[in-house]
Every structure is written in structure tokens, then in C-alpha cells.
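A quick write-up on the structure given underneath.
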Amino acid sequence: MNTLESLHDPDPARFASAYIGYLCTVLQRIDPQRIAGFIATLLDARERGATIFFMGNGGSAATASHFANDLAIGTRAHHKPFRALAITDNLSVLTAIANDYGYEGVFERQLRVLGRSGDVVVGISASGNSPNLLRAFEAAREMGIKSVALTAFDGGAMRAMADEGIHVPTDPKEYGPAEDAHMVLDHLVGAYLMQLVKRGG
């Protein structure tokens, strides 16, 4: 039984209180220096005009899309934009690759077409073991693209493969708190960068 399962309570208010308390504990255990390093990577990519690719499956695909939006549009960095996009968002491309080559290649093949040396790819995954993300990270290494892993549970293979990353320390199978924390990271990073841009950065 993981921590989340142990919090179950028939009373929804008590469960809500316990869930929020546990999520706060998880968030407090994230290394802020890792967040600072990720922000530095994004700012460096912006300075060089490099593209930042986001990818993930399921709920993490939604986070990838949200992250790309918050960087490219939400920061209001129009004079020097964050060139961010989610390679989860083109259904025609995703289904064509999945149909013709298999789902494991849906991100790798897009990265090989769109990516250039010096770009950044951000993989978002609770388990860190999704084959399509791992193949994209392998392609990134070959292409000179920096890889960043946003993980949870034990981080899986993706955490070990990444050039850098932010790990959310949850128990296995705790998808809710893991994905909650990844969205907090999105809004935290976006808020910091928006204020930086607003102040002339």
C-alpha cells in the first residue's frame, strides 16, 4: 500500500484534508536547486533562440501542452520569446507515426524532423519508463539536444538518462500527487519567468 492509499477515509472532507497535507509534504521535498537549474536551462535556450520541446503521455501529455503554452505565450516574452512547443498536440502526426511505425516512435520521429543541436527536450512522466519517451531521449543524445526529465515514483530509466531533471518524490502508483506536482512546477516556473520578463529580463 502506498501513502495515498493509506490516506483513504470514508469522509470526503477528511480525505481532502489528508490529500492536501500529503501533497504539501511531497512539494516540500522537491529540490529547489533543481528547479533553479531547469529555469537556467530555459533561459539559456531563450537566449540562443533554441526550441524547447515538451512531451508526455496521458495526464503528462496535458501537462506538456500546458507547459508549452505557459512558456511561449504566458510569459509574454514577445520581444525575445521562449520557442516552446508540445509534440503531443498534433493528432494527425501522432496517429500517422503510431499507425505506420508504432506508438514507441511518436516523439522520437518528431524530434528527428523538428529538432536541432542545441535544442532542449523535456520529458514528463511519473514512472519515467515510457518507451516512447526513452526513445526520444536516445535520439536527443545522438542529435546534441539537451534532455530534461520531470519524474516521480523512483524516476525510472528516464531520470537516469536525462542530462538534468526535477524529481517529485512520491510512492509508486501515486499518479495524482505526481501530476499535481508537475503542474505546480509548470506554474511556479511560469510565474518566475513572467515576472522576470516583466522586469525587463
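Numbering starts fresh at 1 for the residues of each chain in the C-alpha cells, the chains themselves are lettered A, B, ... in the order given, and ligands are numbered from 1 as they appear.
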Those of stretch 106-136 of chain A in DSSP strand (DSSP E or B), formatted as a ChimeraX atom specification: /A:120-124
For the residues selected in the previous step, produce a file with all heavy atoms as an mmCIF file, in the first residue's frame.
```cif
data_model
loop_
_atom_site.group_PDB
_atom_site.id
_atom_site.type_symbol
_atom_site.label_atom_id
_atom_site.label_comp_id
_atom_site.auth_asym_id
_atom_site.auth_seq_id
_atom_site.Cartn_x
_atom_site.Cartn_y
_atom_site.Cartn_z
ATOM 1 N N VAL A 120 16.295 21.813 -26.610
ATOM 2 C CA VAL A 120 16.025 21.181 -25.308
ATOM 3 C C VAL A 120 14.755 20.348 -25.437
ATOM 4 O O VAL A 120 13.779 20.796 -26.041
ATOM 5 C CB VAL A 120 15.835 22.243 -24.202
ATOM 6 C CG1 VAL A 120 15.461 21.584 -22.871
ATOM 7 C CG2 VAL A 120 17.088 23.100 -24.045
ATOM 8 N N VAL A 121 14.766 19.147 -24.870
ATOM 9 C CA VAL A 121 13.547 18.337 -24.822
ATOM 10 C C VAL A 121 13.244 18.017 -23.367
ATOM 11 O O VAL A 121 14.131 17.641 -22.600
ATOM 12 C CB VAL A 121 13.667 17.051 -25.670
ATOM 13 C CG1 VAL A 121 14.772 16.138 -25.167
ATOM 14 C CG2 VAL A 121 12.335 16.311 -25.721
ATOM 15 N N VAL A 122 11.974 18.224 -22.991
ATOM 16 C CA VAL A 122 11.526 17.989 -21.622
ATOM 17 C C VAL A 122 10.535 16.830 -21.632
ATOM 18 O O VAL A 122 9.462 16.929 -22.230
ATOM 19 C CB VAL A 122 10.859 19.249 -21.032
ATOM 20 C CG1 VAL A 122 10.436 18.989 -19.585
ATOM 21 C CG2 VAL A 122 11.797 20.453 -21.118
ATOM 22 N N GLY A 123 10.904 15.735 -20.994
ATOM 23 C CA GLY A 123 10.022 14.592 -20.862
ATOM 24 C C GLY A 123 9.337 14.618 -19.507
ATOM 25 O O GLY A 123 9.998 14.799 -18.481
ATOM 26 N N ILE A 124 8.017 14.456 -19.500
ATOM 27 C CA ILE A 124 7.237 14.478 -18.265
ATOM 28 C C ILE A 124 6.618 13.099 -18.074
ATOM 29 O O ILE A 124 5.867 12.622 -18.926
ATOM 30 C CB ILE A 124 6.137 15.556 -18.332
ATOM 31 C CG1 ILE A 124 6.735 16.925 -18.694
ATOM 32 C CG2 ILE A 124 5.386 15.641 -17.005
ATOM 33 C CD1 ILE A 124 5.697 17.987 -19.004
#
```
What lies within 12 Å of stretch 166-177 of chain A using only C-alpha atoms, ignoring chain neighbours under 5 positions off, as a VMD selection string? chain A and resid 1 to 7 18 to 39 58 to 60 122 to 128 147 to 156 158 to 160 182 to 186 189
Please identify the alpha helix (DSSP H) residues within chain A (assignment by DSSP from backbone atoms) and present them as a VMD selection string. chain A and resid 3 to 6 12 to 28 32 to 48 59 to 69 91 to 101 108 to 114 131 to 143 156 to 161 175 to 198
12 Å contact set for A:Glu138, only C-alpha atoms, chain neighbours under 6 positions out, as a PDB file with C-alpha atoms, in the first residue's frame:
```pdb
ATOM      1  CA  GLY A 105       8.213   6.302 -32.090  1.00  0.00           C
ATOM      2  CA  PHE A 107       8.067  11.547 -30.104  1.00  0.00           C
ATOM      3  CA  GLU A 108      11.385  10.324 -31.478  1.00  0.00           C
ATOM      4  CA  ARG A 109      10.352  10.769 -35.106  1.00  0.00           C
ATOM      5  CA  LEU A 111      12.222  15.208 -32.688  1.00  0.00           C
ATOM      6  CA  ARG A 112      14.346  13.940 -35.571  1.00  0.00           C
ATOM      7  CA  VAL A 121      13.547  18.337 -24.822  1.00  0.00           C
ATOM      8  CA  GLY A 123      10.022  14.592 -20.862  1.00  0.00           C
ATOM      9  CA  PRO A 131       9.252   3.570 -24.159  1.00  0.00           C
ATOM     10  CA  ASN A 132       8.331   6.483 -26.434  1.00  0.00           C
ATOM     11  CA  GLY A 144      23.034  17.081 -29.374  1.00  0.00           C
ATOM     12  CA  ILE A 145      19.696  18.043 -27.799  1.00  0.00           C
ATOM     13  CA  LYS A 146      19.694  18.581 -24.030  1.00  0.00           C
ATOM     14  CA  SER A 147      17.246  16.354 -22.152  1.00  0.00           C
ATOM     15  CA  ALA A 157      15.051   4.906 -16.644  1.00  0.00           C
ATOM     16  CA  MET A 158      14.314   8.415 -17.861  1.00  0.00           C
ATOM     17  CA  ALA A 160      18.977   8.176 -15.221  1.00  0.00           C
ATOM     18  CA  MET A 161      19.176   9.042 -18.938  1.00  0.00           C
ATOM     19  CA  ALA A 162      18.449  12.762 -18.614  1.00  0.00           C
ATOM     20  CA  ASP A 163      21.072  15.486 -18.650  1.00  0.00           C
TER      21      ASP A 163
END
```
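With only C-alpha atoms as the basis for measurement, A:Gln110 is the residue among A:Glu142, A:Ala181, A:Gln110, A:Arg83 that approaches A:Ala96 most closely.
Look at A:Leu196: the protein and nucleic acid residues within 9 Å of it, using only C-alpha atoms and passing over chain neighbours fewer than 5 places away, are Thr75, Ala191 and Gly201 of chain A.
You can rank A:Ala68, A:Ala98, A:Val113, A:Val106 by their closest distance to A:Leu133 using only C-alpha atoms, and at the top of that list sits A:Val106.
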Min atom-atom distance to A:Leu188 from the set A:Leu71, A:Ser65, A:Phe15, A:Pro10, counting only C-alpha atoms, belongs to A:Leu71
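Of the residues under consideration (A:Gly190, A:Gly165, A:Gly49, A:Pro12), A:Gly190 shows the shortest atom-to-atom contact distance to A:His66 when counting only C-alpha atoms.
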Residue neighbourhood A:Lys198, 9 Å, only C-alpha atoms, exclusion window fewer than 3 positions, as a short mmCIF file (atom, residue, chain, number, x, y, z; two decimals) with N, CA, C and O atoms, in the first residue's frame:
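Written file, out.cif:
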```cif
data_model
loop_
_atom_site.label_atom_id
_atom_site.label_comp_id
_atom_site.auth_asym_id
_atom_site.auth_seq_id
_atom_site.Cartn_x
_atom_site.Cartn_y
_atom_site.Cartn_z
N THR A 75 4.35 33.80 -20.66
CA THR A 75 5.42 34.67 -20.15
C THR A 75 5.39 36.07 -20.78
O THR A 75 6.04 36.98 -20.28
N ARG A 76 4.65 36.21 -21.89
CA ARG A 76 4.55 37.48 -22.62
C ARG A 76 5.93 38.01 -23.05
O ARG A 76 6.16 39.22 -23.09
N ALA A 77 6.81 37.08 -23.38
CA ALA A 77 8.17 37.45 -23.79
C ALA A 77 8.21 37.66 -25.30
O ALA A 77 8.94 36.98 -26.02
N LEU A 193 9.29 33.21 -14.58
CA LEU A 193 9.74 33.74 -15.86
C LEU A 193 8.88 34.94 -16.30
O LEU A 193 9.40 35.89 -16.89
N MET A 194 7.58 34.89 -16.03
CA MET A 194 6.72 36.03 -16.37
C MET A 194 7.17 37.29 -15.64
O MET A 194 7.27 38.37 -16.24
N GLN A 195 7.48 37.15 -14.36
CA GLN A 195 7.92 38.30 -13.59
C GLN A 195 9.30 38.77 -14.06
O GLN A 195 9.57 39.98 -14.08
N GLY A 201 13.77 41.35 -18.01
CA GLY A 201 14.70 40.25 -18.21
C GLY A 201 14.51 39.54 -19.54
O GLY A 201 13.55 39.74 -20.24
#
```
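Of the residues listed (A:Phe54, A:Asp100, A:Gly115, A:Ala62), A:Phe54 shows the shortest atom-to-atom separation from A:Leu85; distances use only C-alpha atoms.
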